[in-house]
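File shown: entry_6.pdb. Contents: PDB, C-alpha atoms.
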```pdb
ATOM      1  CA  MET A   1       0.000   0.000   0.000
ATOM      2  CA  ASP A   2       2.901   2.320   0.739
ATOM      3  CA  LYS A   3       4.296   1.760  -2.756
ATOM      4  CA  LEU A   4       0.895   2.644  -4.268
ATOM      5  CA  LYS A   5       0.777   5.838  -2.190
ATOM      6  CA  GLN A   6       4.286   6.745  -3.348
ATOM      7  CA  VAL A   7       3.500   6.155  -7.024
ATOM      8  CA  LEU A   8       0.186   8.036  -6.919
ATOM      9  CA  GLY A   9       1.811  10.802  -4.911
ATOM     10  CA  GLY A  10       4.507  11.267  -7.555
ATOM     11  CA  GLN A  11       7.327   9.973  -5.339
ATOM     12  CA  ASP A  12       8.221   6.917  -7.393
ATOM     13  CA  GLY A  13      11.793   8.023  -7.957
ATOM     14  CA  GLY A  14      11.472   7.949 -11.742
ATOM     15  CA  GLY A  15      11.336  10.800 -14.173
ATOM     16  CA  SER A  16      13.072  14.137 -14.100
ATOM     17  CA  SER A  17      11.724  16.721 -11.717
ATOM     18  CA  ASP A  18      14.247  19.531 -11.691
ATOM     19  CA  GLY A  19      11.532  21.965 -10.628
ATOM     20  CA  SER A  20      12.508  24.506 -13.257
ATOM     21  CA  GLY A  21       9.099  24.833 -14.922
ATOM     22  CA  ILE A  22       6.387  26.981 -13.413
ATOM     23  CA  LEU A  23       3.829  24.179 -13.827
ATOM     24  CA  GLU A  24       6.079  21.732 -12.019
ATOM     25  CA  ARG A  25       6.582  24.158  -9.125
ATOM     26  CA  ALA A  26       2.838  24.780  -8.912
ATOM     27  CA  ASN A  27       2.189  21.049  -8.970
ATOM     28  CA  GLN A  28       4.716  20.438  -6.190
ATOM     29  CA  ALA A  29       3.319  23.299  -4.102
ATOM     30  CA  SER A  30      -0.202  21.884  -4.253
ATOM     31  CA  THR A  31       0.504  18.474  -2.780
ATOM     32  CA  LEU A  32      -2.338  16.906  -0.872
ATOM     33  CA  ALA A  33      -2.327  14.212   1.772
ATOM     34  CA  TRP A  34      -3.330  10.697   0.710
ATOM     35  CA  GLY A  35      -6.672  10.859   2.512
ATOM     36  CA  THR A  36      -7.500  14.230   0.976
ATOM     37  CA  ARG A  37      -6.667  12.899  -2.486
ATOM     38  CA  MET A  38      -8.969   9.919  -2.025
ATOM     39  CA  LYS A  39     -11.791  12.110  -0.695
ATOM     40  CA  GLY A  40     -11.396  14.520  -3.603
ATOM     41  CA  PHE A  41     -11.391  11.640  -6.093
ATOM     42  CA  VAL A  42     -14.517  10.038  -4.628
ATOM     43  CA  ILE A  43     -16.425  13.324  -4.298
ATOM     44  CA  CYS A  44     -15.534  14.465  -7.812
ATOM     45  CA  PHE A  45     -16.332  11.070  -9.338
ATOM     46  CA  ILE A  46     -19.676  10.786  -7.537
ATOM     47  CA  LEU A  47     -20.549  14.373  -8.470
ATOM     48  CA  GLY A  48     -19.839  13.542 -12.112
ATOM     49  CA  ASP A  49     -21.974  10.417 -11.921
ATOM     50  CA  VAL A  50     -24.863  12.310 -10.305
ATOM     51  CA  CYS A  51     -24.672  14.996 -13.004
ATOM     52  CA  VAL A  52     -24.836  12.381 -15.770
ATOM     53  CA  GLN A  53     -27.773  10.617 -14.094
ATOM     54  CA  GLN A  54     -29.639  13.902 -13.605
ATOM     55  CA  ALA A  55     -28.934  14.816 -17.213
ATOM     56  CA  THR A  56     -30.462  11.572 -18.396
ATOM     57  CA  CYS A  57     -33.578  12.146 -16.305
ATOM     58  CA  LEU A  58     -33.985  15.743 -17.492
ATOM     59  CA  LEU A  59     -33.479  14.884 -21.173
ATOM     60  CA  TRP A  60     -37.119  13.908 -21.601
ATOM     61  CA  ILE A  61     -38.597  17.207 -20.372
ATOM     62  CA  PRO A  62     -40.133  18.921 -23.408
ATOM     63  CA  GLY A  63     -38.872  22.357 -24.371
ATOM     64  CA  PHE A  64     -35.706  22.795 -22.347
ATOM     65  CA  GLY A  65     -34.626  19.206 -21.668
ATOM     66  CA  LEU A  66     -31.891  18.878 -24.249
ATOM     67  CA  PRO A  67     -29.869  22.022 -23.394
ATOM     68  CA  VAL A  68     -29.995  21.098 -19.699
ATOM     69  CA  PHE A  69     -28.988  17.545 -20.620
ATOM     70  CA  ALA A  70     -26.047  18.808 -22.681
ATOM     71  CA  VAL A  71     -24.751  21.014 -19.877
ATOM     72  CA  LEU A  72     -25.173  18.445 -17.083
ATOM     73  CA  TYR A  73     -23.756  15.621 -19.193
ATOM     74  CA  THR A  74     -20.724  17.710 -20.125
ATOM     75  CA  VAL A  75     -20.167  18.860 -16.527
ATOM     76  CA  GLY A  76     -20.502  15.250 -15.370
ATOM     77  CA  ASN A  77     -17.868  14.067 -17.819
ATOM     78  CA  LEU A  78     -15.539  16.901 -16.835
ATOM     79  CA  CYS A  79     -15.948  16.019 -13.142
ATOM     80  CA  ALA A  80     -15.241  12.355 -13.815
ATOM     81  CA  LEU A  81     -12.185  13.307 -15.847
ATOM     82  CA  ALA A  82     -10.987  15.740 -13.170
ATOM     83  CA  SER A  83     -11.359  13.112 -10.447
ATOM     84  CA  THR A  84      -8.214  11.373 -11.683
ATOM     85  CA  MET A  85      -6.293  14.591 -11.133
ATOM     86  CA  PHE A  86      -6.821  14.194  -7.399
ATOM     87  CA  LEU A  87      -5.083  10.826  -7.428
ATOM     88  CA  ILE A  88      -1.889  11.705  -9.264
ATOM     89  CA  GLY A  89      -1.932  15.488  -9.507
ATOM     90  CA  PRO A  90      -3.070  17.747 -12.321
ATOM     91  CA  LEU A  91       0.253  17.964 -14.131
ATOM     92  CA  ARG A  92       0.878  14.219 -14.280
ATOM     93  CA  ALA A  93      -2.741  13.541 -15.196
ATOM     94  CA  ALA A  94      -2.639  16.023 -18.071
ATOM     95  CA  GLU A  95       0.853  15.380 -19.401
ATOM     96  CA  GLU A  96       1.529  11.719 -18.739
ATOM     97  CA  ASN A  97      -1.947  10.198 -18.796
ATOM     98  CA  MET A  98      -4.272  12.242 -20.998
ATOM     99  CA  CYS A  99      -1.622  13.092 -23.590
ATOM    100  CA  ALA A 100       0.028   9.667 -23.636
ATOM    101  CA  LYS A 101       0.338   8.079 -27.051
ATOM    102  CA  VAL A 102      -2.407   5.493 -26.413
ATOM    103  CA  ARG A 103      -4.885   8.087 -25.082
ATOM    104  CA  ALA A 104      -4.147  11.253 -27.069
ATOM    105  CA  LEU A 105      -6.689  10.652 -29.826
ATOM    106  CA  ALA A 106      -9.469   9.662 -27.402
ATOM    107  CA  THR A 107      -8.680  12.690 -25.236
ATOM    108  CA  ALA A 108      -8.758  15.059 -28.203
ATOM    109  CA  ILE A 109     -12.044  13.641 -29.520
ATOM    110  CA  MET A 110     -13.594  13.788 -26.071
ATOM    111  CA  LEU A 111     -12.587  17.406 -25.428
ATOM    112  CA  VAL A 112     -13.690  18.535 -28.897
ATOM    113  CA  CYS A 113     -17.037  16.778 -28.431
ATOM    114  CA  LEU A 114     -17.465  18.460 -25.032
ATOM    115  CA  VAL A 115     -17.195  21.863 -26.680
ATOM    116  CA  LEU A 116     -19.276  20.888 -29.719
ATOM    117  CA  THR A 117     -22.059  19.543 -27.496
ATOM    118  CA  LEU A 118     -22.435  22.908 -25.814
ATOM    119  CA  CYS A 119     -22.197  24.749 -29.152
ATOM    120  CA  ALA A 120     -24.900  22.546 -30.677
ATOM    121  CA  ALA A 121     -27.209  22.950 -27.692
ATOM    122  CA  PHE A 122     -26.885  26.713 -27.180
ATOM    123  CA  TRP A 123     -25.365  28.410 -30.192
ATOM    124  CA  TRP A 124     -26.624  26.310 -33.108
ATOM    125  CA  LYS A 125     -29.781  25.133 -31.262
ATOM    126  CA  ASN A 126     -29.628  21.782 -33.042
ATOM    127  CA  ASN A 127     -30.928  19.037 -30.751
ATOM    128  CA  GLY A 128     -29.916  16.160 -33.002
ATOM    129  CA  LEU A 129     -26.347  17.382 -33.238
ATOM    130  CA  ALA A 130     -26.126  17.911 -29.478
ATOM    131  CA  LEU A 131     -27.313  14.361 -28.886
ATOM    132  CA  LEU A 132     -24.830  13.028 -31.457
ATOM    133  CA  PHE A 133     -21.965  14.843 -29.749
ATOM    134  CA  CYS A 134     -23.074  13.455 -26.369
ATOM    135  CA  VAL A 135     -22.925   9.941 -27.815
ATOM    136  CA  LEU A 136     -19.471  10.683 -29.235
ATOM    137  CA  GLN A 137     -18.411  12.016 -25.804
ATOM    138  CA  PHE A 138     -19.538   8.763 -24.245
ATOM    139  CA  LEU A 139     -17.734   6.619 -26.810
ATOM    140  CA  ALA A 140     -14.510   8.633 -26.555
ATOM    141  CA  PHE A 141     -14.641   8.611 -22.743
ATOM    142  CA  THR A 142     -15.225   4.849 -22.766
ATOM    143  CA  TRP A 143     -12.315   4.307 -25.153
ATOM    144  CA  TYR A 144     -10.168   6.572 -22.949
ATOM    145  CA  GLY A 145     -11.120   4.590 -19.838
ATOM    146  CA  LEU A 146     -10.478   1.240 -21.517
ATOM    147  CA  SER A 147      -6.887   2.274 -22.171
ATOM    148  CA  TYR A 148      -6.182   1.946 -18.441
ATOM    149  CA  ILE A 149      -7.209  -1.735 -18.393
ATOM    150  CA  PRO A 150      -4.611  -4.050 -19.911
ATOM    151  CA  PHE A 151      -5.818  -5.669 -23.151
ATOM    152  CA  ALA A 152      -9.328  -4.180 -22.769
ATOM    153  CA  ARG A 153      -9.195  -2.289 -26.044
ATOM    154  CA  ASP A 154      -7.985  -5.392 -27.859
ATOM    155  CA  ALA A 155     -10.833  -7.402 -26.328
ATOM    156  CA  VAL A 156     -13.426  -4.825 -27.427
ATOM    157  CA  ILE A 157     -12.030  -4.728 -30.963
ATOM    158  CA  LYS A 158     -12.042  -8.528 -31.110
ATOM    159  CA  LEU A 159     -15.622  -8.651 -29.794
ATOM    160  CA  PHE A 160     -16.847  -6.203 -32.431
ATOM    161  CA  SER A 161     -14.963  -8.012 -35.174
ATOM    162  CA  LEU A 162     -16.635 -11.273 -34.133
ATOM    163  CA  CYS A 163     -20.049  -9.592 -34.189
ATOM    164  CA  MET A 164     -19.457  -8.264 -37.691
TER
END
```
Conversion result in C-alpha cells:
Amino acid sequence: MDKLKQVLGGQDGGGSSDGSGILERANQASTLAWGTRMKGFVICFILGDVCVQQATCLLWIPGFGLPVFAVLYTVGNLCALASTMFLIGPLRAAEENMCAKVRALATAIMLVCLVLTLCAAFWWKNNGLALLFCVLQFLAFTWYGLSYIPFARDAVIKLFSLCM
C-alpha cells in the first residue's frame, strides 16, 4: 500500500523533476495528503456520476430538456475526468496520462465533443447534433477509460470483429 501511495503521490523516484518549470513548481506546491486525495477523487467522481444521471432524467422534459442535458452531461464528464487529477496530480494527469500516445486521440475527440455539445445545444440550437456529440463524448470517454485496463481495447475490438 505504501508503494501505491508513493507512485500516486509522484514519489516513485522515476522521471526528471528539476523543478525549473512553473507548472512543475505549482504542482509540487499543491501536494495533498493521501486521505485528501482519495476524498477529492470520490467526491468528484460521484458528483460527475450524479450529473450524468440527472442529465439523463432531465433529457425527456419537453422544451428545455436537451440544453440542460447537454450542460449536465458535459459537466458530469468533466468532473469524472478531473477526479483522476486528485489521485496523481493535475500535471501528471494532463501530461503523462491524458496526452500519452495510447490516449491522445481519445482525449482530443472527447474534449472537442465536449465543446461541440455545448455549441450545438446553445449556439446552433440543433438538438440532433447535441445528442450526437453526447454519444461521441460517451464513446470517446469509454475508449479513454479502456486504455487503463490491460488488453481491454484489444478485447473490445475482437468482440466487435466477431459480431461483424
So what do you get for CA of Leu136 in chain A versus CA of Met110 in chain A, distance-wise?
7.4 Å
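Around Gln137 in chain A, within 10 Å and counting all atoms listed in the file, the residues found are Tyr73, Thr74, Asn77, Ala106, Thr107, Ile109, Met110, Leu111, Val112, Cys113, Leu114, Val115, Leu116, Thr117, Leu131 and Trp143 of chain A, once anything fewer than 6 positions away on its own chain is removed.
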On this structure, which residues satisfy the PyMOL selection byres ((chain A and resi 67) around 9), written as a PyMOL selection string?
chain A and resi 59+64-66+68-72+118+120-122+125+127+130
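Look at Met85 in chain A: the protein and nucleic acid residues within 10 Å of it, using all atoms listed in the file and passing over chain neighbours fewer than 6 places away, are A:Arg37, A:Gly40, A:Phe41, A:Cys44, A:Cys79, A:Leu91, A:Arg92, A:Ala93, A:Ala94, A:Asn97.
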Generate a file of the selected residues that holds C-alpha atoms, formatted as a PDB file, keeping the file's coordinate frame.
```pdb
ATOM      1  CA  ARG A  37      -6.667  12.899  -2.486  1.00  0.00           C
ATOM      2  CA  GLY A  40     -11.396  14.520  -3.603  1.00  0.00           C
ATOM      3  CA  PHE A  41     -11.391  11.640  -6.093  1.00  0.00           C
ATOM      4  CA  CYS A  44     -15.534  14.465  -7.812  1.00  0.00           C
ATOM      5  CA  CYS A  79     -15.948  16.019 -13.142  1.00  0.00           C
ATOM      6  CA  LEU A  91       0.253  17.964 -14.131  1.00  0.00           C
ATOM      7  CA  ARG A  92       0.878  14.219 -14.280  1.00  0.00           C
ATOM      8  CA  ALA A  93      -2.741  13.541 -15.196  1.00  0.00           C
ATOM      9  CA  ALA A  94      -2.639  16.023 -18.071  1.00  0.00           C
ATOM     10  CA  ASN A  97      -1.947  10.198 -18.796  1.00  0.00           C
TER      11      ASN A  97
END
```
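We find CA of Phe151 in chain A and CA of Val102 in chain A to be spaced 12.1 Å apart.
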Local residues around (-9.6, 14.1, -4.2), at most 10 Å away, using all atoms listed in the file, as an NGL selection string:
:A and (32-45 or 82-89)
When you count all atoms listed in the file, which of these residues is closest to Met98 in chain A: A:Asp154, A:Cys134, A:Asn126, A:Leu81?
A:Leu81
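From CA of Cys57 in chain A back to CA of Leu78 in chain A, the distance works out to 18.7 Å.
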Using all atoms listed in the file, the best pick from A:Thr31, A:Ala108, A:Arg103, A:Trp123 as closest to Arg153 in chain A would be A:Arg103
Would you output range 95-120 of chain A from that structure, restricted to N, CA, C and O atoms, as a PDB file, in the first residue's frame?
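Saved the output as result_20.pdb:
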```pdb
ATOM      1  N   GLU A  95      -0.285  15.657 -18.533  1.00  0.00           N
ATOM      2  CA  GLU A  95       0.853  15.380 -19.401  1.00  0.00           C
ATOM      3  C   GLU A  95       1.062  13.898 -19.656  1.00  0.00           C
ATOM      4  O   GLU A  95       1.174  13.469 -20.787  1.00  0.00           O
ATOM      5  N   GLU A  96       1.150  13.117 -18.588  1.00  0.00           N
ATOM      6  CA  GLU A  96       1.529  11.719 -18.739  1.00  0.00           C
ATOM      7  C   GLU A  96       0.350  10.816 -19.091  1.00  0.00           C
ATOM      8  O   GLU A  96       0.522   9.840 -19.812  1.00  0.00           O
ATOM      9  N   ASN A  97      -0.831  11.108 -18.570  1.00  0.00           N
ATOM     10  CA  ASN A  97      -1.947  10.198 -18.796  1.00  0.00           C
ATOM     11  C   ASN A  97      -2.809  10.614 -19.977  1.00  0.00           C
ATOM     12  O   ASN A  97      -3.010   9.842 -20.909  1.00  0.00           O
ATOM     13  N   MET A  98      -3.350  11.825 -19.949  1.00  0.00           N
ATOM     14  CA  MET A  98      -4.272  12.242 -20.998  1.00  0.00           C
ATOM     15  C   MET A  98      -3.580  12.411 -22.345  1.00  0.00           C
ATOM     16  O   MET A  98      -4.172  12.150 -23.386  1.00  0.00           O
ATOM     17  N   CYS A  99      -2.339  12.848 -22.338  1.00  0.00           N
ATOM     18  CA  CYS A  99      -1.622  13.092 -23.590  1.00  0.00           C
ATOM     19  C   CYS A  99      -0.687  11.947 -23.963  1.00  0.00           C
ATOM     20  O   CYS A  99       0.125  12.097 -24.882  1.00  0.00           O
ATOM     21  N   ALA A 100      -0.786  10.826 -23.274  1.00  0.00           N
ATOM     22  CA  ALA A 100       0.028   9.667 -23.636  1.00  0.00           C
ATOM     23  C   ALA A 100      -0.369   9.190 -25.027  1.00  0.00           C
ATOM     24  O   ALA A 100      -1.484   9.431 -25.497  1.00  0.00           O
ATOM     25  N   LYS A 101       0.544   8.499 -25.669  1.00  0.00           N
ATOM     26  CA  LYS A 101       0.338   8.079 -27.051  1.00  0.00           C
ATOM     27  C   LYS A 101      -0.938   7.249 -27.221  1.00  0.00           C
ATOM     28  O   LYS A 101      -1.667   7.433 -28.195  1.00  0.00           O
ATOM     29  N   VAL A 102      -1.234   6.368 -26.278  1.00  0.00           N
ATOM     30  CA  VAL A 102      -2.407   5.493 -26.413  1.00  0.00           C
ATOM     31  C   VAL A 102      -3.718   6.219 -26.120  1.00  0.00           C
ATOM     32  O   VAL A 102      -4.779   5.736 -26.495  1.00  0.00           O
ATOM     33  N   ARG A 103      -3.663   7.385 -25.460  1.00  0.00           N
ATOM     34  CA  ARG A 103      -4.885   8.087 -25.082  1.00  0.00           C
ATOM     35  C   ARG A 103      -5.072   9.432 -25.773  1.00  0.00           C
ATOM     36  O   ARG A 103      -6.103  10.067 -25.618  1.00  0.00           O
ATOM     37  N   ALA A 104      -4.108   9.895 -26.510  1.00  0.00           N
ATOM     38  CA  ALA A 104      -4.147  11.253 -27.069  1.00  0.00           C
ATOM     39  C   ALA A 104      -5.336  11.457 -28.007  1.00  0.00           C
ATOM     40  O   ALA A 104      -6.030  12.472 -27.921  1.00  0.00           O
ATOM     41  N   LEU A 105      -5.589  10.504 -28.882  1.00  0.00           N
ATOM     42  CA  LEU A 105      -6.689  10.652 -29.826  1.00  0.00           C
ATOM     43  C   LEU A 105      -8.037  10.638 -29.101  1.00  0.00           C
ATOM     44  O   LEU A 105      -8.902  11.481 -29.377  1.00  0.00           O
ATOM     45  N   ALA A 106      -8.217   9.718 -28.160  1.00  0.00           N
ATOM     46  CA  ALA A 106      -9.469   9.662 -27.402  1.00  0.00           C
ATOM     47  C   ALA A 106      -9.669  10.932 -26.586  1.00  0.00           C
ATOM     48  O   ALA A 106     -10.785  11.452 -26.496  1.00  0.00           O
ATOM     49  N   THR A 107      -8.595  11.456 -26.002  1.00  0.00           N
ATOM     50  CA  THR A 107      -8.680  12.690 -25.236  1.00  0.00           C
ATOM     51  C   THR A 107      -9.077  13.860 -26.127  1.00  0.00           C
ATOM     52  O   THR A 107      -9.956  14.657 -25.770  1.00  0.00           O
ATOM     53  N   ALA A 108      -8.449  13.951 -27.287  1.00  0.00           N
ATOM     54  CA  ALA A 108      -8.758  15.059 -28.203  1.00  0.00           C
ATOM     55  C   ALA A 108     -10.204  14.986 -28.681  1.00  0.00           C
ATOM     56  O   ALA A 108     -10.916  16.001 -28.685  1.00  0.00           O
ATOM     57  N   ILE A 109     -10.655  13.796 -29.058  1.00  0.00           N
ATOM     58  CA  ILE A 109     -12.044  13.641 -29.520  1.00  0.00           C
ATOM     59  C   ILE A 109     -13.012  13.984 -28.398  1.00  0.00           C
ATOM     60  O   ILE A 109     -14.010  14.675 -28.620  1.00  0.00           O
ATOM     61  N   MET A 110     -12.710  13.527 -27.197  1.00  0.00           N
ATOM     62  CA  MET A 110     -13.594  13.788 -26.071  1.00  0.00           C
ATOM     63  C   MET A 110     -13.694  15.281 -25.772  1.00  0.00           C
ATOM     64  O   MET A 110     -14.790  15.817 -25.600  1.00  0.00           O
ATOM     65  N   LEU A 111     -12.572  15.972 -25.738  1.00  0.00           N
ATOM     66  CA  LEU A 111     -12.587  17.406 -25.428  1.00  0.00           C
ATOM     67  C   LEU A 111     -13.265  18.221 -26.536  1.00  0.00           C
ATOM     68  O   LEU A 111     -14.011  19.162 -26.255  1.00  0.00           O
ATOM     69  N   VAL A 112     -13.024  17.847 -27.784  1.00  0.00           N
ATOM     70  CA  VAL A 112     -13.690  18.535 -28.897  1.00  0.00           C
ATOM     71  C   VAL A 112     -15.197  18.301 -28.829  1.00  0.00           C
ATOM     72  O   VAL A 112     -15.993  19.229 -29.021  1.00  0.00           O
ATOM     73  N   CYS A 113     -15.604  17.078 -28.531  1.00  0.00           N
ATOM     74  CA  CYS A 113     -17.037  16.778 -28.431  1.00  0.00           C
ATOM     75  C   CYS A 113     -17.685  17.484 -27.247  1.00  0.00           C
ATOM     76  O   CYS A 113     -18.863  17.844 -27.312  1.00  0.00           O
ATOM     77  N   LEU A 114     -16.937  17.691 -26.168  1.00  0.00           N
ATOM     78  CA  LEU A 114     -17.465  18.460 -25.032  1.00  0.00           C
ATOM     79  C   LEU A 114     -17.842  19.863 -25.478  1.00  0.00           C
ATOM     80  O   LEU A 114     -18.929  20.362 -25.178  1.00  0.00           O
ATOM     81  N   VAL A 115     -16.944  20.503 -26.208  1.00  0.00           N
ATOM     82  CA  VAL A 115     -17.195  21.863 -26.680  1.00  0.00           C
ATOM     83  C   VAL A 115     -18.312  21.869 -27.719  1.00  0.00           C
ATOM     84  O   VAL A 115     -19.223  22.715 -27.681  1.00  0.00           O
ATOM     85  N   LEU A 116     -18.270  20.928 -28.658  1.00  0.00           N
ATOM     86  CA  LEU A 116     -19.276  20.888 -29.719  1.00  0.00           C
ATOM     87  C   LEU A 116     -20.671  20.581 -29.184  1.00  0.00           C
ATOM     88  O   LEU A 116     -21.666  21.055 -29.741  1.00  0.00           O
ATOM     89  N   THR A 117     -20.759  19.814 -28.113  1.00  0.00           N
ATOM     90  CA  THR A 117     -22.059  19.543 -27.496  1.00  0.00           C
ATOM     91  C   THR A 117     -22.697  20.833 -27.012  1.00  0.00           C
ATOM     92  O   THR A 117     -23.881  21.096 -27.266  1.00  0.00           O
ATOM     93  N   LEU A 118     -21.910  21.641 -26.317  1.00  0.00           N
ATOM     94  CA  LEU A 118     -22.435  22.908 -25.814  1.00  0.00           C
ATOM     95  C   LEU A 118     -22.752  23.873 -26.956  1.00  0.00           C
ATOM     96  O   LEU A 118     -23.757  24.587 -26.901  1.00  0.00           O
ATOM     97  N   CYS A 119     -21.926  23.884 -27.987  1.00  0.00           N
ATOM     98  CA  CYS A 119     -22.197  24.749 -29.152  1.00  0.00           C
ATOM     99  C   CYS A 119     -23.496  24.334 -29.834  1.00  0.00           C
ATOM    100  O   CYS A 119     -24.317  25.187 -30.199  1.00  0.00           O
ATOM    101  N   ALA A 120     -23.691  23.032 -30.005  1.00  0.00           N
ATOM    102  CA  ALA A 120     -24.900  22.546 -30.677  1.00  0.00           C
ATOM    103  C   ALA A 120     -26.148  22.827 -29.850  1.00  0.00           C
ATOM    104  O   ALA A 120     -27.206  23.130 -30.406  1.00  0.00           O
TER     105      ALA A 120
END
```
